[in-house]
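work.cif (mmCIF, N, CA and C atoms)
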```
data_my_file
#
loop_
_atom_site.group_PDB
_atom_site.id
_atom_site.type_symbol
_atom_site.label_atom_id
_atom_site.label_comp_id
_atom_site.auth_asym_id
_atom_site.auth_seq_id
_atom_site.Cartn_x
_atom_site.Cartn_y
_atom_site.Cartn_z
ATOM 1 N N MET U 1 23.777 131.146 144.286
ATOM 2 C CA MET U 1 22.487 131.726 144.598
ATOM 3 C C MET U 1 22.083 131.359 146.031
ATOM 4 N N ILE U 2 21.320 132.247 146.632
ATOM 5 C CA ILE U 2 20.720 131.982 147.939
ATOM 6 C C ILE U 2 19.215 132.148 147.796
ATOM 7 N N THR U 3 18.497 131.780 148.825
ATOM 8 C CA THR U 3 17.069 132.064 148.890
ATOM 9 C C THR U 3 16.882 133.112 149.967
ATOM 10 N N LEU U 4 16.309 134.256 149.589
ATOM 11 C CA LEU U 4 16.055 135.356 150.510
ATOM 12 C C LEU U 4 14.557 135.582 150.586
ATOM 13 N N ASN U 5 13.982 135.303 151.737
ATOM 14 C CA ASN U 5 12.537 135.443 151.950
ATOM 15 C C ASN U 5 11.729 134.736 150.859
ATOM 16 N N GLY U 6 12.155 133.520 150.530
ATOM 17 C CA GLY U 6 11.407 132.686 149.593
ATOM 18 C C GLY U 6 11.699 132.920 148.124
ATOM 19 N N LYS U 7 12.608 133.839 147.792
ATOM 20 C CA LYS U 7 12.932 134.126 146.392
ATOM 21 C C LYS U 7 14.426 133.960 146.160
ATOM 22 N N GLU U 8 14.773 133.501 144.963
ATOM 23 C CA GLU U 8 16.183 133.367 144.627
ATOM 24 C C GLU U 8 16.842 134.734 144.590
ATOM 25 N N SER U 9 18.066 134.796 145.066
ATOM 26 C CA SER U 9 18.819 136.040 145.131
ATOM 27 C C SER U 9 20.288 135.729 144.901
ATOM 28 N N LYS U 10 21.049 136.758 144.595
ATOM 29 C CA LYS U 10 22.491 136.566 144.438
ATOM 30 C C LYS U 10 23.106 136.243 145.793
ATOM 31 N N THR U 11 24.305 135.723 145.780
ATOM 32 C CA THR U 11 25.042 135.432 147.009
ATOM 33 C C THR U 11 25.789 136.684 147.444
ATOM 34 N N TYR U 12 25.797 136.946 148.724
ATOM 35 C CA TYR U 12 26.492 138.091 149.301
ATOM 36 C C TYR U 12 27.684 137.587 150.093
ATOM 37 N N ALA U 13 28.667 138.461 150.298
ATOM 38 C CA ALA U 13 29.857 138.084 151.057
ATOM 39 C C ALA U 13 29.519 137.794 152.513
ATOM 40 N N ASN U 14 28.606 138.600 153.074
ATOM 41 C CA ASN U 14 28.229 138.427 154.477
ATOM 42 C C ASN U 14 26.850 139.016 154.716
ATOM 43 N N LEU U 15 26.339 138.795 155.896
ATOM 44 C CA LEU U 15 24.993 139.252 156.236
ATOM 45 C C LEU U 15 24.895 140.771 156.211
ATOM 46 N N ASN U 16 25.922 141.458 156.669
ATOM 47 C CA ASN U 16 25.908 142.914 156.655
ATOM 48 C C ASN U 16 25.695 143.443 155.231
ATOM 49 N N GLU U 17 26.407 142.897 154.268
ATOM 50 C CA GLU U 17 26.265 143.322 152.875
ATOM 51 C C GLU U 17 24.841 143.093 152.374
ATOM 52 N N LEU U 18 24.267 141.947 152.691
ATOM 53 C CA LEU U 18 22.898 141.638 152.292
ATOM 54 C C LEU U 18 21.929 142.662 152.866
ATOM 55 N N LEU U 19 22.066 142.952 154.150
ATOM 56 C CA LEU U 19 21.154 143.890 154.804
ATOM 57 C C LEU U 19 21.284 145.295 154.218
ATOM 58 N N GLU U 20 22.507 145.745 153.989
ATOM 59 C CA GLU U 20 22.721 147.094 153.449
ATOM 60 C C GLU U 20 22.195 147.220 152.025
ATOM 61 N N GLU U 21 22.512 146.264 151.163
ATOM 62 C CA GLU U 21 22.084 146.339 149.764
ATOM 63 C C GLU U 21 20.569 146.250 149.611
ATOM 64 N N ASN U 22 19.913 145.576 150.537
ATOM 65 C CA ASN U 22 18.459 145.440 150.469
ATOM 66 C C ASN U 22 17.738 146.442 151.365
ATOM 67 N N LYS U 23 18.494 147.363 151.954
ATOM 68 C CA LYS U 23 17.963 148.463 152.767
ATOM 69 C C LYS U 23 17.084 148.005 153.932
ATOM 70 N N PHE U 24 17.528 146.913 154.589
ATOM 71 C CA PHE U 24 16.834 146.458 155.789
ATOM 72 C C PHE U 24 17.288 147.310 156.968
ATOM 73 N N ARG U 25 16.367 147.718 157.819
ATOM 74 C CA ARG U 25 16.682 148.485 159.023
ATOM 75 C C ARG U 25 16.907 147.503 160.169
ATOM 76 N N ARG U 26 18.147 147.437 160.626
ATOM 77 C CA ARG U 26 18.544 146.442 161.634
ATOM 78 C C ARG U 26 17.689 146.472 162.894
ATOM 79 N N GLU U 27 17.271 147.644 163.309
ATOM 80 C CA GLU U 27 16.517 147.743 164.560
ATOM 81 C C GLU U 27 15.108 147.174 164.441
ATOM 82 N N LEU U 28 14.647 146.912 163.211
ATOM 83 C CA LEU U 28 13.277 146.447 163.015
ATOM 84 C C LEU U 28 13.191 145.030 162.451
ATOM 85 N N ILE U 29 14.299 144.276 162.491
ATOM 86 C CA ILE U 29 14.287 142.953 161.871
ATOM 87 C C ILE U 29 14.874 141.877 162.789
ATOM 88 N N ALA U 30 14.574 140.649 162.417
ATOM 89 C CA ALA U 30 15.252 139.468 162.958
ATOM 90 C C ALA U 30 15.678 138.654 161.738
ATOM 91 N N VAL U 31 16.820 137.971 161.831
ATOM 92 C CA VAL U 31 17.351 137.220 160.692
ATOM 93 C C VAL U 31 17.570 135.763 161.087
ATOM 94 N N GLU U 32 17.172 134.890 160.173
ATOM 95 C CA GLU U 32 17.370 133.452 160.340
ATOM 96 C C GLU U 32 18.109 132.953 159.098
ATOM 97 N N ILE U 33 19.157 132.174 159.293
ATOM 98 C CA ILE U 33 19.880 131.557 158.187
ATOM 99 C C ILE U 33 19.857 130.051 158.397
ATOM 100 N N ASN U 34 19.293 129.357 157.433
ATOM 101 C CA ASN U 34 19.185 127.889 157.487
ATOM 102 C C ASN U 34 18.573 127.416 158.801
ATOM 103 N N GLY U 35 17.548 128.127 159.256
ATOM 104 C CA GLY U 35 16.821 127.727 160.453
ATOM 105 C C GLY U 35 17.427 128.192 161.764
ATOM 106 N N GLU U 36 18.537 128.924 161.718
ATOM 107 C CA GLU U 36 19.204 129.397 162.931
ATOM 108 C C GLU U 36 19.073 130.915 163.042
ATOM 109 N N ILE U 37 18.555 131.387 164.168
ATOM 110 C CA ILE U 37 18.424 132.827 164.394
ATOM 111 C C ILE U 37 19.808 133.410 164.652
ATOM 112 N N ILE U 38 20.098 134.520 163.988
ATOM 113 C CA ILE U 38 21.402 135.165 164.104
ATOM 114 C C ILE U 38 21.294 136.343 165.073
ATOM 115 N N LYS U 39 22.226 136.419 166.019
ATOM 116 C CA LYS U 39 22.246 137.542 166.964
ATOM 117 C C LYS U 39 22.636 138.813 166.233
ATOM 118 N N LYS U 40 22.004 139.925 166.610
ATOM 119 C CA LYS U 40 22.324 141.212 165.985
ATOM 120 C C LYS U 40 23.814 141.524 166.083
ATOM 121 N N SER U 41 24.436 141.140 167.174
ATOM 122 C CA SER U 41 25.867 141.413 167.348
ATOM 123 C C SER U 41 26.730 140.640 166.353
ATOM 124 N N ASP U 42 26.161 139.622 165.695
ATOM 125 C CA ASP U 42 26.909 138.820 164.728
ATOM 126 C C ASP U 42 26.613 139.189 163.269
ATOM 127 N N TYR U 43 25.745 140.164 163.036
ATOM 128 C CA TYR U 43 25.367 140.523 161.670
ATOM 129 C C TYR U 43 26.577 140.905 160.816
ATOM 130 N N ASP U 44 27.546 141.613 161.373
ATOM 131 C CA ASP U 44 28.689 142.088 160.592
ATOM 132 C C ASP U 44 29.670 140.979 160.232
ATOM 133 N N THR U 45 29.664 139.881 160.953
ATOM 134 C CA THR U 45 30.670 138.838 160.741
ATOM 135 C C THR U 45 30.096 137.520 160.222
ATOM 136 N N THR U 46 28.799 137.448 160.027
ATOM 137 C CA THR U 46 28.178 136.199 159.577
ATOM 138 C C THR U 46 28.284 136.066 158.062
ATOM 139 N N PRO U 47 28.970 135.025 157.575
ATOM 140 C CA PRO U 47 29.081 134.843 156.125
ATOM 141 C C PRO U 47 27.778 134.327 155.530
ATOM 142 N N ILE U 48 27.588 134.620 154.261
ATOM 143 C CA ILE U 48 26.470 134.071 153.502
ATOM 144 C C ILE U 48 27.075 133.137 152.458
ATOM 145 N N ASN U 49 26.620 131.901 152.436
ATOM 146 C CA ASN U 49 27.171 130.904 151.527
ATOM 147 C C ASN U 49 26.165 130.528 150.448
ATOM 148 N N ASP U 50 26.687 130.130 149.307
ATOM 149 C CA ASP U 50 25.839 129.678 148.219
ATOM 150 C C ASP U 50 24.913 128.580 148.732
ATOM 151 N N GLY U 51 23.628 128.696 148.431
ATOM 152 C CA GLY U 51 22.651 127.703 148.855
ATOM 153 C C GLY U 51 21.970 128.009 150.178
ATOM 154 N N ASP U 52 22.439 129.047 150.901
ATOM 155 C CA ASP U 52 21.816 129.400 152.179
ATOM 156 C C ASP U 52 20.372 129.852 151.982
ATOM 157 N N ILE U 53 19.567 129.589 152.988
ATOM 158 C CA ILE U 53 18.182 130.068 153.027
ATOM 159 C C ILE U 53 18.116 131.125 154.116
ATOM 160 N N VAL U 54 17.871 132.366 153.695
ATOM 161 C CA VAL U 54 17.869 133.506 154.605
ATOM 162 C C VAL U 54 16.452 134.054 154.708
ATOM 163 N N GLU U 55 15.985 134.211 155.928
ATOM 164 C CA GLU U 55 14.682 134.826 156.186
ATOM 165 C C GLU U 55 14.908 136.076 157.020
ATOM 166 N N VAL U 56 14.406 137.186 156.531
ATOM 167 C CA VAL U 56 14.471 138.454 157.269
ATOM 168 C C VAL U 56 13.040 138.823 157.623
ATOM 169 N N VAL U 57 12.775 138.908 158.914
ATOM 170 C CA VAL U 57 11.430 139.185 159.413
ATOM 171 C C VAL U 57 11.376 140.600 159.972
ATOM 172 N N HIS U 58 10.388 141.358 159.517
ATOM 173 C CA HIS U 58 10.192 142.731 160.007
ATOM 174 C C HIS U 58 9.241 142.730 161.189
ATOM 175 N N PHE U 59 9.576 143.505 162.208
ATOM 176 C CA PHE U 59 8.666 143.679 163.325
ATOM 177 C C PHE U 59 7.674 144.766 162.959
ATOM 178 N N MET U 60 6.425 144.559 163.352
ATOM 179 C CA MET U 60 5.381 145.518 163.032
ATOM 180 C C MET U 60 4.678 145.903 164.335
ATOM 181 N N GLY U 61 4.377 147.169 164.466
ATOM 182 C CA GLY U 61 3.629 147.630 165.623
ATOM 183 C C GLY U 61 2.142 147.465 165.378
ATOM 184 N N GLY U 62 1.405 147.705 166.412
ATOM 185 C CA GLY U 62 -0.046 147.625 166.261
ATOM 186 C C GLY U 62 -0.637 146.710 167.302
ATOM 187 N N GLY U 63 -1.877 146.477 167.159
ATOM 188 C CA GLY U 63 -2.544 145.600 168.092
ATOM 189 C C GLY U 63 -4.037 145.611 167.824
ATOM 190 N N ALA U 64 -4.740 144.917 168.640
ATOM 191 C CA ALA U 64 -6.194 144.813 168.464
ATOM 192 C C ALA U 64 -6.880 145.806 169.386
ATOM 193 N N PHE U 65 -7.995 146.316 168.921
ATOM 194 C CA PHE U 65 -8.826 147.190 169.728
ATOM 195 C C PHE U 65 -10.077 146.431 170.120
ATOM 196 N N ALA U 66 -10.472 146.616 171.353
ATOM 197 C CA ALA U 66 -11.663 145.917 171.820
ATOM 198 C C ALA U 66 -12.911 146.727 171.548
#
```
Could you take the file, read its structure, and then write that structure out as structure tokens?
Amino acid sequence: MITLNGKESKTYANLNELLEENKFRRELIAVEINGEIIKKSDYDTTPINDGDIVEVVHFMGGGAFA
């Protein structure tokens, strides 16, 4: 098992598989595994191991109006 965004989840072979199965849009996210930010260029080759803590953060547009 891994922890994905604070919830228990199954273990995936690699980060690419996790992103595809959970329908994350690569252009709108940042990924951290065990406290380390993963470069987008490494998403396809980064393994996911049992016990990993994965955080996927979505970028959101918007801002404040004065």
Residue members of the PyMOL selection byres ((chain U and resi 34) around 7) in the file shown, as an NGL selection string: :U and (32-33 or 35-37 or 52-55)
Let me know the residues the PyMOL selection byres ((chain U and resi 48) around 7) catches in the file above, as a list of chain:residue names.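 Expected selection for the PyMOL selection byres ((chain U and resi 48) around 7) here is U:Thr11, U:Tyr12, U:Ala13, U:Asn14, U:Leu15, U:Thr46, U:Pro47, U:Asn49, U:Asp50, U:Gly51, U:Asp52.
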Would you write out those residues with N, CA and C atoms, as an mmCIF file, in the coordinates of the input?
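Result file selection-v5.cif:
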```
data_model
loop_
_atom_site.group_PDB
_atom_site.id
_atom_site.type_symbol
_atom_site.label_atom_id
_atom_site.label_comp_id
_atom_site.auth_asym_id
_atom_site.auth_seq_id
_atom_site.Cartn_x
_atom_site.Cartn_y
_atom_site.Cartn_z
ATOM 1 N N THR U 11 24.305 135.723 145.780
ATOM 2 C CA THR U 11 25.042 135.432 147.009
ATOM 3 C C THR U 11 25.789 136.684 147.444
ATOM 4 N N TYR U 12 25.797 136.946 148.724
ATOM 5 C CA TYR U 12 26.492 138.091 149.301
ATOM 6 C C TYR U 12 27.684 137.587 150.093
ATOM 7 N N ALA U 13 28.667 138.461 150.298
ATOM 8 C CA ALA U 13 29.857 138.084 151.057
ATOM 9 C C ALA U 13 29.519 137.794 152.513
ATOM 10 N N ASN U 14 28.606 138.600 153.074
ATOM 11 C CA ASN U 14 28.229 138.427 154.477
ATOM 12 C C ASN U 14 26.850 139.016 154.716
ATOM 13 N N LEU U 15 26.339 138.795 155.896
ATOM 14 C CA LEU U 15 24.993 139.252 156.236
ATOM 15 C C LEU U 15 24.895 140.771 156.211
ATOM 16 N N THR U 46 28.799 137.448 160.027
ATOM 17 C CA THR U 46 28.178 136.199 159.577
ATOM 18 C C THR U 46 28.284 136.066 158.062
ATOM 19 N N PRO U 47 28.970 135.025 157.575
ATOM 20 C CA PRO U 47 29.081 134.843 156.125
ATOM 21 C C PRO U 47 27.778 134.327 155.530
ATOM 22 N N ASN U 49 26.620 131.901 152.436
ATOM 23 C CA ASN U 49 27.171 130.904 151.527
ATOM 24 C C ASN U 49 26.165 130.528 150.448
ATOM 25 N N ASP U 50 26.687 130.130 149.307
ATOM 26 C CA ASP U 50 25.839 129.678 148.219
ATOM 27 C C ASP U 50 24.913 128.580 148.732
ATOM 28 N N GLY U 51 23.628 128.696 148.431
ATOM 29 C CA GLY U 51 22.651 127.703 148.855
ATOM 30 C C GLY U 51 21.970 128.009 150.178
ATOM 31 N N ASP U 52 22.439 129.047 150.901
ATOM 32 C CA ASP U 52 21.816 129.400 152.179
ATOM 33 C C ASP U 52 20.372 129.852 151.982
#
```
Expanded to explicit residues, what is the PyMOL selection byres (((chain U and resi 40 and name CA) around 12) and name CA) for this file, as number ranges by chain? U: 15-16, 19, 25-32, 37-39, 41-46
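Secondary structure from DSSP on the backbone puts alpha helix (DSSP H) at the following positions of range 12-55 of chain U: Leu15, Asn16, Glu17, Leu18, Leu19, Glu20 and Glu21 of chain U.
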Quick check, in Å to one decimal: how far apart do CA of Val56 in chain U and atom N of Asn5 in chain U lie? 6.4 Å
Residues of chain U in strand (DSSP E) according to DSSP, as a list of chain:residue names?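 Here is the list: U:Ile2, U:Thr3, U:Leu4, U:Lys7, U:Glu8, U:Ser9, U:Ile29, U:Ala30, U:Val31, U:Glu32, U:Ile33, U:Glu36, U:Ile37, U:Ile38, U:Ile53, U:Val54, U:Glu55, U:Val56, U:Val57, U:His58.
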Tell me, in Å to one decimal, how far atom C of Glu8 in chain U is from CA of His58 in chain U. 18.6 Å
Please indicate the distance in Å from atom N of Glu20 in chain U to atom N of Val57 in chain U, rounded to one decimal place.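 For atom N of Glu20 in chain U relative to atom N of Val57 in chain U, the distance reads 12.9 Å.
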Using the atoms already present, construct N, CA, C and O atoms for range 26-51 of chain U and hand them back as a compact mmCIF listing (two decimals), in the frame of the given file.
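See out.txt below for the written result:
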```
# COMPACT_ATOMS: atom_id res chain seq x y z
N ARG U 26 18.15 147.44 160.63
CA ARG U 26 18.54 146.44 161.63
C ARG U 26 17.69 146.47 162.89
O ARG U 26 17.44 145.43 163.49
N GLU U 27 17.27 147.64 163.31
CA GLU U 27 16.52 147.74 164.56
C GLU U 27 15.11 147.17 164.44
O GLU U 27 14.44 146.96 165.45
N LEU U 28 14.65 146.91 163.21
CA LEU U 28 13.28 146.45 163.01
C LEU U 28 13.19 145.03 162.45
O LEU U 28 12.14 144.63 161.98
N ILE U 29 14.30 144.28 162.49
CA ILE U 29 14.29 142.95 161.87
C ILE U 29 14.87 141.88 162.79
O ILE U 29 15.56 142.17 163.76
N ALA U 30 14.57 140.65 162.42
CA ALA U 30 15.25 139.47 162.96
C ALA U 30 15.68 138.65 161.74
O ALA U 30 15.00 138.66 160.71
N VAL U 31 16.82 137.97 161.83
CA VAL U 31 17.35 137.22 160.69
C VAL U 31 17.57 135.76 161.09
O VAL U 31 18.10 135.46 162.16
N GLU U 32 17.17 134.89 160.17
CA GLU U 32 17.37 133.45 160.34
C GLU U 32 18.11 132.95 159.10
O GLU U 32 17.73 133.29 157.97
N ILE U 33 19.16 132.17 159.29
CA ILE U 33 19.88 131.56 158.19
C ILE U 33 19.86 130.05 158.40
O ILE U 33 20.31 129.56 159.44
N ASN U 34 19.29 129.36 157.43
CA ASN U 34 19.18 127.89 157.49
C ASN U 34 18.57 127.42 158.80
O ASN U 34 19.03 126.45 159.41
N GLY U 35 17.55 128.13 159.26
CA GLY U 35 16.82 127.73 160.45
C GLY U 35 17.43 128.19 161.76
O GLY U 35 16.88 127.91 162.82
N GLU U 36 18.54 128.92 161.72
CA GLU U 36 19.20 129.40 162.93
C GLU U 36 19.07 130.92 163.04
O GLU U 36 19.44 131.64 162.12
N ILE U 37 18.56 131.39 164.17
CA ILE U 37 18.42 132.83 164.39
C ILE U 37 19.81 133.41 164.65
O ILE U 37 20.58 132.87 165.44
N ILE U 38 20.10 134.52 163.99
CA ILE U 38 21.40 135.16 164.10
C ILE U 38 21.29 136.34 165.07
O ILE U 38 20.38 137.17 164.95
N LYS U 39 22.23 136.42 166.02
CA LYS U 39 22.25 137.54 166.96
C LYS U 39 22.64 138.81 166.23
O LYS U 39 23.50 138.79 165.35
N LYS U 40 22.00 139.93 166.61
CA LYS U 40 22.32 141.21 165.98
C LYS U 40 23.81 141.52 166.08
O LYS U 40 24.39 142.09 165.16
N SER U 41 24.44 141.14 167.17
CA SER U 41 25.87 141.41 167.35
C SER U 41 26.73 140.64 166.35
O SER U 41 27.90 140.97 166.15
N ASP U 42 26.16 139.62 165.70
CA ASP U 42 26.91 138.82 164.73
C ASP U 42 26.61 139.19 163.27
O ASP U 42 27.19 138.59 162.35
N TYR U 43 25.74 140.16 163.04
CA TYR U 43 25.37 140.52 161.67
C TYR U 43 26.58 140.90 160.82
O TYR U 43 26.63 140.57 159.64
N ASP U 44 27.55 141.61 161.37
CA ASP U 44 28.69 142.09 160.59
C ASP U 44 29.67 140.98 160.23
O ASP U 44 30.45 141.13 159.29
N THR U 45 29.66 139.88 160.95
CA THR U 45 30.67 138.84 160.74
C THR U 45 30.10 137.52 160.22
O THR U 45 30.86 136.58 160.00
N THR U 46 28.80 137.45 160.03
CA THR U 46 28.18 136.20 159.58
C THR U 46 28.28 136.07 158.06
O THR U 46 27.76 136.91 157.33
N PRO U 47 28.97 135.02 157.57
CA PRO U 47 29.08 134.84 156.12
C PRO U 47 27.78 134.33 155.53
O PRO U 47 26.97 133.70 156.21
N ILE U 48 27.59 134.62 154.26
CA ILE U 48 26.47 134.07 153.50
C ILE U 48 27.08 133.14 152.46
O ILE U 48 27.95 133.54 151.69
N ASN U 49 26.62 131.90 152.44
CA ASN U 49 27.17 130.90 151.53
C ASN U 49 26.16 130.53 150.45
O ASN U 49 24.95 130.60 150.67
N ASP U 50 26.69 130.13 149.31
CA ASP U 50 25.84 129.68 148.22
C ASP U 50 24.91 128.58 148.73
O ASP U 50 25.35 127.66 149.43
N GLY U 51 23.63 128.70 148.43
CA GLY U 51 22.65 127.70 148.85
C GLY U 51 21.97 128.01 150.18
O GLY U 51 21.03 127.31 150.56
```
